[in-house]
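For reference, query06.txt is printed below; it contains compact mmCIF, C-alpha atoms and all ligand atoms.
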```
# COMPACT_ATOMS: atom_id res chain seq x y z
CA MET A 1 -21.07 -12.82 25.10
CA THR A 2 -19.54 -14.74 22.23
CA ALA A 3 -16.61 -17.10 22.41
CA TYR A 4 -14.85 -15.32 19.57
CA LYS A 5 -13.29 -11.94 18.95
CA ILE A 6 -12.07 -12.15 15.40
CA PRO A 7 -10.46 -9.04 13.89
CA TYR A 8 -10.49 -8.35 10.16
CA GLY A 9 -6.71 -8.57 10.06
CA ARG A 10 -3.84 -9.24 12.42
CA GLN A 11 -0.15 -10.05 12.51
CA SER A 12 1.33 -13.44 13.21
CA ILE A 13 4.58 -13.56 15.15
CA THR A 14 6.69 -16.73 15.36
CA GLU A 15 9.53 -17.86 17.60
CA ASP A 16 11.89 -17.15 14.68
CA ASP A 17 10.67 -13.55 14.54
CA ILE A 18 11.19 -13.14 18.27
CA ASN A 19 14.66 -14.69 18.24
CA ALA A 20 15.74 -12.53 15.32
CA VAL A 21 14.54 -9.34 17.03
CA VAL A 22 16.23 -10.32 20.32
CA GLN A 23 19.53 -10.79 18.46
CA THR A 24 19.24 -7.31 17.00
CA LEU A 25 18.40 -5.89 20.41
CA GLN A 26 21.65 -7.41 21.68
CA SER A 27 23.67 -6.07 18.74
CA ASP A 28 25.47 -2.75 18.33
CA PHE A 29 22.81 -1.19 16.16
CA LEU A 30 19.20 -0.48 17.05
CA THR A 31 18.96 1.86 14.07
CA GLN A 32 21.10 2.87 11.06
CA GLY A 33 22.77 -0.54 11.17
CA PRO A 34 23.20 -3.47 8.79
CA LYS A 35 19.67 -4.89 9.10
CA ILE A 36 18.25 -2.09 6.97
CA LEU A 37 20.24 -2.92 3.86
CA GLU A 38 19.66 -6.63 4.41
CA PHE A 39 15.87 -6.09 4.49
CA GLU A 40 16.01 -3.74 1.50
CA GLN A 41 17.98 -6.19 -0.60
CA ASN A 42 15.74 -9.12 0.29
CA PHE A 43 12.61 -7.08 -0.39
CA ALA A 44 13.92 -5.81 -3.74
CA LYS A 45 14.62 -9.41 -4.70
CA TYR A 46 11.17 -10.52 -3.56
CA VAL A 47 9.37 -8.06 -5.83
CA GLY A 48 11.99 -8.14 -8.59
CA ALA A 49 13.02 -4.47 -8.39
CA LYS A 50 16.54 -3.08 -8.67
CA TYR A 51 16.36 -0.88 -5.59
CA ALA A 52 14.45 -0.71 -2.32
CA VAL A 53 14.52 1.98 0.35
CA ALA A 54 13.15 1.15 3.81
CA VAL A 55 11.27 3.95 5.55
CA SER A 56 9.31 4.47 8.75
CA ASN A 57 5.84 3.65 7.34
CA GLY A 58 3.81 3.38 4.15
CA THR A 59 2.72 7.00 4.32
CA ALA A 60 6.35 8.13 4.40
CA ALA A 61 7.01 5.80 1.45
CA LEU A 62 4.34 7.61 -0.57
CA HIS A 63 5.45 11.07 0.54
CA LEU A 64 9.13 10.47 -0.23
CA SER A 65 8.34 8.84 -3.59
CA LEU A 66 6.45 11.95 -4.65
CA LEU A 67 9.17 14.29 -3.39
CA GLY A 68 11.85 12.20 -5.01
CA LEU A 69 10.05 12.45 -8.34
CA GLY A 70 9.88 16.22 -8.01
CA ILE A 71 6.20 16.59 -7.12
CA GLY A 72 5.69 19.76 -5.11
CA GLN A 73 3.82 22.96 -4.41
CA GLY A 74 0.96 23.66 -6.79
CA ASP A 75 1.36 20.44 -8.81
CA HIS A 76 -1.66 18.32 -9.67
CA VAL A 77 -1.96 14.60 -8.98
CA ILE A 78 -4.71 12.01 -9.38
CA THR A 79 -5.72 9.19 -7.06
CA THR A 80 -8.72 7.05 -6.21
CA PRO A 81 -11.35 8.07 -3.65
CA ILE A 82 -11.42 4.49 -2.33
CA THR A 83 -8.20 4.26 -0.41
CA PHE A 84 -6.86 4.96 3.03
CA VAL A 85 -6.43 8.73 3.53
CA ALA A 86 -2.65 8.29 3.57
CA THR A 87 -2.52 8.05 -0.24
CA ALA A 88 -4.08 11.45 -0.80
CA ASN A 89 -2.56 13.01 2.32
CA ALA A 90 0.95 12.14 1.12
CA ALA A 91 0.30 14.26 -1.97
CA LEU A 92 -1.05 17.13 0.15
CA TYR A 93 2.16 17.07 2.25
CA THR A 94 4.11 18.00 -0.89
CA GLY A 95 1.82 20.97 -1.53
CA ALA A 96 0.22 19.30 -4.54
CA ASN A 97 -3.50 19.45 -5.39
CA VAL A 98 -5.32 16.14 -5.22
CA HIS A 99 -7.83 15.15 -7.92
CA PHE A 100 -9.82 11.94 -7.92
CA ALA A 101 -11.00 9.56 -10.63
CA ASP A 102 -13.89 7.28 -9.72
CA ILE A 103 -13.47 3.52 -9.31
CA ALA A 104 -14.67 0.70 -11.52
CA PRO A 105 -17.82 -0.83 -9.98
CA ASP A 106 -16.58 -4.42 -10.17
CA THR A 107 -12.84 -4.39 -9.38
CA TYR A 108 -13.03 -1.33 -7.07
CA LEU A 109 -9.77 -0.11 -8.64
CA ILE A 110 -9.34 3.36 -10.11
CA ASP A 111 -11.14 3.37 -13.47
CA LEU A 112 -8.55 4.04 -16.16
CA ASN A 113 -11.24 5.31 -18.56
CA LYS A 114 -12.15 7.94 -16.00
CA VAL A 115 -8.47 8.72 -15.51
CA GLU A 116 -8.07 9.27 -19.24
CA ALA A 117 -11.19 11.44 -19.39
CA LEU A 118 -9.68 13.61 -16.65
CA LEU A 119 -6.32 13.76 -18.40
CA LYS A 120 -7.99 14.86 -21.63
CA LYS A 121 -9.61 17.83 -19.92
CA HIS A 122 -6.24 19.43 -19.22
CA PRO A 123 -3.12 20.21 -21.22
CA LYS A 124 -0.48 17.49 -21.44
CA GLY A 125 1.83 17.68 -18.44
CA PHE A 126 -0.83 19.29 -16.22
CA PHE A 127 -0.96 16.23 -13.98
CA LYS A 128 2.47 15.41 -12.62
CA ALA A 129 1.66 12.06 -11.04
CA ILE A 130 -0.92 9.38 -10.49
CA LEU A 131 -1.18 7.35 -7.32
CA PRO A 132 -3.07 4.19 -8.25
CA VAL A 133 -3.87 1.82 -5.38
CA ASP A 134 -3.67 -1.97 -5.58
CA PHE A 135 -6.83 -1.97 -3.58
CA ALA A 136 -7.44 -4.87 -1.18
CA GLY A 137 -4.43 -6.58 -2.82
CA LEU A 138 -5.65 -6.57 -6.42
CA PRO A 139 -2.97 -5.07 -8.67
CA VAL A 140 -3.88 -2.18 -10.97
CA SER A 141 -3.32 -2.51 -14.71
CA ALA A 142 0.07 -0.85 -14.46
CA GLU A 143 0.85 -1.76 -18.07
CA LYS A 144 -2.16 0.21 -19.34
CA LEU A 145 -1.46 3.05 -16.94
CA LYS A 146 2.12 3.29 -18.22
CA ILE A 147 0.79 3.84 -21.76
CA LEU A 148 -1.23 6.77 -20.43
CA ALA A 149 1.77 8.00 -18.42
CA ASP A 150 3.93 8.12 -21.54
CA LYS A 151 1.21 9.79 -23.56
CA TYR A 152 0.25 12.42 -20.98
CA GLN A 153 3.65 12.74 -19.28
CA PHE A 154 3.06 11.94 -15.66
CA LYS A 155 4.82 9.77 -13.09
CA ILE A 156 3.30 6.69 -11.49
CA VAL A 157 3.61 6.26 -7.73
CA GLU A 158 1.88 2.97 -7.07
CA ASP A 159 0.37 2.48 -3.65
CA ALA A 160 0.94 -1.23 -3.09
CA CYS A 161 0.47 -1.07 0.68
CA HIS A 162 -2.14 -3.83 0.27
CA ALA A 163 -0.31 -5.86 -2.29
CA PRO A 164 3.18 -7.29 -1.67
CA GLY A 165 3.26 -10.57 -3.58
CA ALA A 166 0.54 -9.60 -6.05
CA TYR A 167 1.19 -9.81 -9.78
CA PHE A 168 -0.44 -9.66 -13.17
CA VAL A 169 0.39 -11.27 -16.48
CA ASP A 170 1.17 -8.68 -19.14
CA LYS A 171 0.31 -8.63 -22.85
CA GLN A 172 3.43 -10.66 -23.68
CA ASN A 173 2.35 -13.24 -21.13
CA ILE A 174 5.10 -12.22 -18.73
CA LYS A 175 4.45 -12.24 -15.00
CA GLN A 176 4.85 -8.74 -13.58
CA ASN A 177 5.28 -8.58 -9.83
CA THR A 178 3.80 -5.60 -8.07
CA GLY A 179 6.64 -3.23 -7.27
CA ASN A 180 9.08 -4.61 -9.85
CA GLY A 181 9.60 -1.13 -11.27
CA LYS A 182 8.76 -2.06 -14.85
CA PHE A 183 5.76 0.27 -15.19
CA SER A 184 5.61 2.38 -12.04
CA ASP A 185 8.31 4.94 -11.24
CA ALA A 186 8.06 4.10 -7.55
CA THR A 187 5.97 1.67 -5.52
CA ALA A 188 5.12 2.08 -1.85
CA PHE A 189 4.54 -0.72 0.68
CA SER A 190 3.46 -0.73 4.33
CA PHE A 191 4.48 -3.03 7.17
CA HIS A 192 1.69 -2.14 9.57
CA PRO A 193 0.60 -5.20 11.58
CA VAL A 194 -2.61 -5.78 9.60
CA LYS A 195 -0.57 -5.98 6.39
CA HIS A 196 1.18 -9.00 4.89
CA ILE A 197 4.55 -8.27 6.46
CA ALA A 198 4.45 -6.78 9.96
CA ALA A 199 7.28 -4.67 11.32
CA GLY A 200 5.26 -2.79 13.94
CA GLU A 201 5.39 0.24 11.70
CA GLY A 202 7.40 0.35 8.52
CA GLY A 203 7.40 0.96 4.81
CA MET A 204 9.39 0.37 1.64
CA ILE A 205 9.81 2.08 -1.69
CA THR A 206 10.91 0.06 -4.70
CA THR A 207 12.14 1.49 -7.99
CA ASN A 208 14.40 0.71 -10.93
CA ASN A 209 15.56 4.32 -11.22
CA GLU A 210 19.04 4.72 -9.73
CA GLN A 211 18.86 8.49 -9.52
CA LEU A 212 15.58 8.32 -7.63
CA TYR A 213 17.05 5.65 -5.36
CA GLN A 214 19.99 7.87 -4.39
CA LYS A 215 17.65 10.79 -3.79
CA LEU A 216 15.34 8.71 -1.59
CA LEU A 217 18.26 7.55 0.55
CA LYS A 218 19.09 11.17 1.29
CA LEU A 219 15.51 12.38 1.75
CA ARG A 220 14.90 9.62 4.29
CA THR A 221 17.57 11.05 6.54
CA HIS A 222 17.26 14.86 6.55
CA GLY A 223 18.64 15.31 3.04
CA ILE A 224 22.09 14.64 4.44
CA SER A 225 24.78 12.84 2.53
CA LYS A 226 28.13 11.63 3.75
CA ASN A 227 28.97 9.78 0.58
CA GLU A 228 28.00 12.12 -2.15
CA MET A 229 29.90 15.38 -1.62
CA THR A 230 28.75 17.04 -4.77
CA TYR A 231 29.87 20.59 -4.15
CA GLN A 232 32.40 20.73 -1.39
CA ILE A 233 34.81 17.89 -1.67
CA LEU A 234 37.60 20.32 -0.89
CA ASN A 235 35.89 21.31 2.32
CA LYS A 236 35.87 17.72 3.47
CA GLU A 237 39.61 17.50 3.00
CA LYS A 238 40.03 20.76 4.87
CA GLN A 239 37.64 19.85 7.67
CA GLY A 240 37.83 16.15 8.51
CA GLY A 241 36.04 12.83 8.52
CA TRP A 242 32.97 14.11 10.38
CA TYR A 243 32.03 16.37 7.52
CA TYR A 244 28.63 15.94 5.82
CA GLU A 245 26.50 17.92 3.44
CA MET A 246 22.80 18.64 3.35
CA HIS A 247 21.50 18.92 -0.19
CA ASP A 248 17.75 18.91 0.28
CA LEU A 249 15.27 19.43 3.09
CA GLY A 250 14.72 15.81 4.02
CA TYR A 251 13.02 14.08 6.92
CA ASN A 252 13.72 11.52 9.57
CA TYR A 253 11.78 8.74 7.89
CA ARG A 254 14.18 5.97 8.88
CA LEU A 255 13.18 2.44 9.79
CA THR A 256 14.96 1.01 12.85
CA ASP A 257 17.06 -2.15 12.74
CA ILE A 258 14.61 -3.69 15.21
CA GLN A 259 11.74 -3.17 12.76
CA ALA A 260 13.81 -4.22 9.76
CA THR A 261 14.74 -7.46 11.52
CA LEU A 262 11.10 -8.28 12.20
CA GLY A 263 10.11 -7.33 8.64
CA ASN A 264 12.91 -9.41 7.19
CA SER A 265 11.99 -12.42 9.29
CA GLN A 266 8.35 -12.09 8.20
CA LEU A 267 9.40 -11.72 4.56
CA GLN A 268 10.88 -15.24 4.68
CA ARG A 269 7.36 -16.67 4.96
CA ALA A 270 5.49 -14.10 2.89
CA ASP A 271 4.60 -16.67 0.24
CA THR A 272 3.20 -19.10 2.80
CA GLY A 273 0.99 -16.28 4.05
CA LEU A 274 -0.22 -15.55 0.53
CA ILE A 275 -1.18 -19.18 -0.02
CA LYS A 276 -3.15 -19.14 3.22
CA ARG A 277 -4.91 -15.91 2.19
CA GLN A 278 -5.85 -17.49 -1.15
CA LYS A 279 -7.30 -20.53 0.64
CA ILE A 280 -9.34 -18.37 2.98
CA ALA A 281 -10.68 -16.36 0.01
CA GLU A 282 -11.60 -19.50 -1.94
CA LYS A 283 -13.48 -20.87 1.03
CA TYR A 284 -15.44 -17.65 1.54
CA LYS A 285 -16.33 -17.57 -2.15
CA HIS A 286 -17.40 -21.18 -2.17
CA GLU A 287 -19.45 -21.01 1.01
CA LEU A 288 -21.11 -17.65 0.38
CA LYS A 289 -21.77 -18.03 -3.34
CA ASN A 290 -25.49 -18.70 -2.99
CA LEU A 291 -26.13 -15.78 -0.66
CA PRO A 292 -27.06 -12.26 -1.74
CA VAL A 293 -23.46 -11.06 -1.55
CA LYS A 294 -21.18 -9.79 -4.31
CA PHE A 295 -17.43 -10.35 -4.52
CA GLN A 296 -14.69 -8.16 -5.93
CA LYS A 297 -14.09 -9.08 -9.58
CA ILE A 298 -10.62 -10.36 -10.27
CA PRO A 299 -9.36 -10.10 -13.86
CA LYS A 300 -8.04 -13.43 -15.16
CA SER A 301 -4.55 -12.04 -15.57
CA SER A 302 -4.29 -10.88 -11.94
CA PHE A 303 -3.07 -12.57 -8.79
CA HIS A 304 -4.80 -11.05 -5.78
CA ALA A 305 -2.71 -10.69 -2.60
CA TYR A 306 -5.85 -10.52 -0.43
CA HIS A 307 -4.95 -7.99 2.18
CA LEU A 308 -8.74 -7.60 2.43
CA PHE A 309 -11.64 -9.85 1.58
CA ILE A 310 -14.49 -7.52 0.69
CA ILE A 311 -18.12 -8.36 0.07
CA GLU A 312 -21.03 -6.18 -1.03
CA VAL A 313 -24.31 -6.57 0.83
CA GLU A 314 -27.58 -4.70 1.17
CA ASN A 315 -28.32 -3.39 4.68
CA ARG A 316 -24.64 -3.12 5.40
CA LYS A 317 -25.09 -1.27 8.71
CA ILE A 318 -27.37 -4.00 10.11
CA PHE A 319 -24.97 -6.65 8.84
CA TYR A 320 -21.98 -4.85 10.38
CA ASP A 321 -23.73 -4.53 13.77
CA TYR A 322 -24.81 -8.17 13.64
CA LEU A 323 -21.26 -9.37 12.94
CA HIS A 324 -19.84 -7.22 15.73
CA GLN A 325 -22.47 -8.48 18.19
CA ASN A 326 -21.22 -11.94 17.31
CA GLY A 327 -17.56 -11.08 17.91
CA ILE A 328 -16.68 -10.77 14.22
CA LEU A 329 -14.89 -7.45 13.94
CA ALA A 330 -15.47 -6.86 10.24
CA GLN A 331 -14.37 -3.43 8.99
CA ILE A 332 -15.28 -0.88 6.36
CA HIS A 333 -12.56 0.05 3.85
CA TYR A 334 -12.91 2.96 3.35
CA ILE A 335 -14.92 6.14 3.75
CA PRO A 336 -14.32 7.77 0.33
CA VAL A 337 -11.51 10.29 0.80
CA HIS A 338 -13.36 13.11 -0.99
CA LEU A 339 -16.15 12.86 1.62
CA LEU A 340 -13.88 13.35 4.63
CA ASP A 341 -14.36 16.68 6.40
CA TYR A 342 -10.85 17.89 5.73
CA TYR A 343 -11.24 17.37 2.01
CA SER A 344 -14.40 19.47 1.78
CA GLN A 345 -12.20 22.60 1.85
CA PHE A 346 -11.05 21.60 -1.65
CA GLY A 347 -14.63 21.68 -2.89
CA TRP A 348 -15.28 17.92 -2.97
CA LYS A 349 -18.79 16.90 -2.05
CA LYS A 350 -21.26 14.03 -2.06
CA GLY A 351 -22.21 13.07 -5.58
CA ASP A 352 -18.78 13.80 -7.09
CA PHE A 353 -17.80 10.11 -7.37
CA PRO A 354 -21.03 8.10 -7.35
CA ILE A 355 -19.49 4.68 -7.87
CA ALA A 356 -17.11 5.13 -4.95
CA GLU A 357 -19.98 6.38 -2.84
CA SER A 358 -22.21 3.46 -3.77
CA TYR A 359 -19.31 1.08 -3.08
CA TYR A 360 -18.94 2.64 0.36
CA GLU A 361 -22.63 2.16 1.17
CA LYS A 362 -22.51 -1.58 0.57
CA THR A 363 -19.12 -3.07 1.30
CA ILE A 364 -17.55 -4.71 4.32
CA SER A 365 -14.25 -6.55 4.88
CA LEU A 366 -14.44 -10.00 6.46
CA PRO A 367 -11.65 -11.47 8.61
CA MET A 368 -8.65 -12.25 6.39
CA PHE A 369 -5.25 -13.07 7.82
CA PRO A 370 -3.00 -16.14 7.62
CA SER A 371 -3.44 -17.18 11.24
CA LEU A 372 -7.26 -17.24 10.95
CA THR A 373 -8.06 -20.78 12.04
CA GLU A 374 -10.44 -23.11 10.25
CA ASP A 375 -12.74 -23.03 13.26
CA GLU A 376 -12.77 -19.25 13.24
CA GLN A 377 -13.53 -19.06 9.53
CA ASN A 378 -16.25 -21.70 9.87
CA TYR A 379 -17.77 -19.63 12.65
CA VAL A 380 -17.74 -16.48 10.48
CA ILE A 381 -19.36 -18.36 7.59
CA GLU A 382 -21.97 -19.96 9.83
CA LYS A 383 -22.93 -16.57 11.28
CA ILE A 384 -23.19 -14.99 7.82
CA LYS A 385 -25.40 -17.84 6.60
CA ALA A 386 -27.59 -17.47 9.68
CA PHE A 387 -27.93 -13.73 8.98
CA PHE A 388 -29.30 -14.34 5.50
CA SER A 389 -31.49 -17.33 6.37
C1 LIG A 401 -3.81 1.93 0.78
C2 LIG A 401 -2.93 2.41 1.88
N1 LIG A 401 -2.00 3.33 1.60
C3 LIG A 401 -1.16 3.79 2.54
C4 LIG A 401 -1.23 3.34 3.85
C5 LIG A 401 -0.30 3.91 4.86
O1 LIG A 401 0.54 2.96 5.43
P1 LIG A 401 1.13 3.19 6.89
O2 LIG A 401 0.04 2.92 7.87
O3 LIG A 401 2.24 2.18 6.97
O4 LIG A 401 1.62 4.59 6.96
C6 LIG A 401 -2.17 2.37 4.19
C7 LIG A 401 -2.26 1.88 5.56
O5 LIG A 401 -3.26 1.40 6.03
C8 LIG A 401 -3.05 1.90 3.18
O6 LIG A 401 -3.99 1.00 3.45
```
Please, can you express the file's structure as structure tokens?
Amino acid sequence: MTAYKIPYGRQSITEDDINAVVQTLQSDFLTQGPKILEFEQNFAKYVGAKYAVAVSNGTAALHLSLLGLGIGQGDHVITTPITFVATANAALYTGANVHFADIAPDTYLIDLNKVEALLKKHPKGFFKAILPVDFAGLPVSAEKLKILADKYQFKIVEDACHAPGAYFVDKQNIKQNTGNGKFSDATAFSFHPVKHIAAGEGGMITTNNEQLYQKLLKLRTHGISKNEMTYQILNKEKQGGWYYEMHDLGYNYRLTDIQATLGNSQLQRADTGLIKRQKIAEKYKHELKNLPVKFQKIPKSSFHAYHLFIIEVENRKIFYDYLHQNGILAQIHYIPVHLLDYYSQFGWKKGDFPIAESYYEKTISLPMFPSLTEDEQNYVIEKIKAFFS
């Protein structure tokens, strides 16, 4: 038995969080109340986007973004094989076909050269959207992707579930926050407890497109609108104040006020959490630099939000078992999506994306979360050093 049980990620909840949630519990609204807009406005400000729409989770954020941008039955979209299944599944929900482009071997992000090669194989407009993933918290080159998007006419739905607070510096030397809507049509975030901002479950879509924003608000709640009576304004006058219209087949993808309150409270200290994540990453890199481990490459212009701290090792399975025996609950992110059973029906098989597959054979995520104590991190480092000695 070991003294420690250290997960790879976990939430941190403060007295302020608890007090805020209790206040909401005592208020008139548990859902569909004022806390939603408050969280949306604060989040939009945090990432520098014009609009934000809170939804029930990150998967819903991806699904609604695609629907809102008109992606549907029979369309073709591209994503990375190294992501959580939710990214690709969200596209399948719309009826679209999912294609993959392999990752770059050093950053683990979708390889834009491979994306372009795929785009070139088909007529312009064939692919309706790309879902790049800011994997582990490292932002994609959204500026470069936008050039491709304009050239080949597709939408960008950025999966930033790992990356609130990340940014890159663009060609004009301007800081571009992930989710600021400058390059991507929509950006999706998750508030699952292992993520930067915990709401229990929760998600957010940010965009600068007002039309999309209005559409997302409706799609999140059954496609119903009380404000925008496009066709039947006369009916409302005839019928009464209860009257509403349903314009699209939407969903119940709402966030509750309870979750929004927790998310909003956590958002207040998001930057403190990022600083802590950076410190933890720097210490791992410093302490492990002489061992046979490889780190994710971070381009100079990028600020990594470190949802995950990933290392590459040989004998990964033995290393994983060893860490777990020592109470270090390191995790594997992720099994390449194209290798999952369900995806084999689409014809994907081993060998299709060799870099993703080789990545999967070697990588492991070490504990990375703001409340990881110095003692805990020292213990992890000591055990890793012992493994290699
Ligand atoms: C890259 C990525 N995309 C999407 C999701 C889905 O988010 P949620 O769990 O909030 O639905 C996750 C969650 O782990 C994720 O890691």
Q | Site check for ligand LIG 401 (chain A): residues at most 8 Å away, all atoms listed in the file, as a ChimeraX atom specification | A | /A:56-62,83-87,133-136,159-162,188-192,195,201-203
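For the set A:Gln259, A:Thr94, A:Gln278, A:Gln172, the residue with the smallest atom-to-atom gap to His76 (chain A) is A:Thr94, counting all atoms listed in the file.
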Using all atoms listed in the file, I'd like a table of the residues in region 139-182 of chain A that come within 8 Å of region 305-321 of chain A; for each, show the closest atom pair and its distance in Å rounded to one decimal, ordered by chain and ascending number, as a tab-separated table.
```
residue	atom	partner	partner_atom	distance
A:His162	CA	A:His307	CA	5.4
A:Ala163	CA	A:Ala305	CA	5.4
A:Pro164	CA	A:Ala305	CA	6.9
A:Gly165	CA	A:Ala305	CA	6.1
A:Ala166	CA	A:Ala305	CA	4.9
```
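Relative to CA of Thr207 (chain A), CA of Ala52 (chain A) is found at 6.5 Å.
Using all atoms listed in the file, the shortest contact distance between Tyr8 (chain A) and any of A:Asn378, A:Gln331, A:Ser302, A:Gln325 is found at A:Gln331.
Here CA of Gly125 (chain A) and CA of Leu148 (chain A) stand 11.5 Å from one another.
Counting only C-alpha atoms, Asn252 (chain A) has the following residues at most 7 Å away, ignoring those fewer than 6 positions along the same chain: A:Arg220, A:Thr221, A:His222.
Note that the spacing between CA of Lys276 (chain A) and CA of Val194 (chain A) amounts to 14.8 Å.
Comparing A:Val77, A:Ile13, A:Ala101, A:Leu366 by their smallest distance to Pro336 (chain A), the closest is A:Ala101 (using all atoms listed in the file).
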Q: Determine, counting only C-alpha atoms, which protein, DNA and RNA residues have an atom within 12 Å of an atom of Lys151 (chain A); residues of the same chain fewer than 2 positions away are not included. Present the result as number ranges by chain.
A: A: 116, 119-120, 123-125, 127, 144-149, 153-155
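The environment of Gln214 (chain A) within 10 Å, counting all atoms listed in the file and disregarding residues fewer than 3 places along the same chain, consists of Tyr51, Val53, Gly68, Asn209, Glu210, Gln211, Leu217, Lys218, Leu219, Ser225 and Glu228 of chain A.
The smallest atom-to-atom distance between Met246 (chain A) and any of A:Lys35, A:Gly9, A:His122, A:Ile224, using only C-alpha atoms, is found for A:Ile224.
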Enclose all atoms of region 165-183 of chain A listed in the file in an axis-aligned box, grow every side by 4 Å, and hand back centre and edge lengths in Å to one decimal, as lines of an AutoDock Vina configuration file.
```
center_x = 4.6
center_y = -6.5
center_z = -13.6
size_x = 18.0
size_y = 21.5
size_z = 28.1
```
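Residues lying at most 12 Å from (8.4, -17.3, 5.0) in file coordinates, with all atoms listed in the file considered, are Ser12, Ile13, Thr14, Asp16, Asp17, Asn42, Tyr46, His196, Ile197, Leu262, Gly263, Asn264, Ser265, Gln266, Leu267, Gln268, Arg269, Ala270, Asp271, Thr272, Gly273, Leu274, Ile275, Lys276 and Pro370 of chain A.
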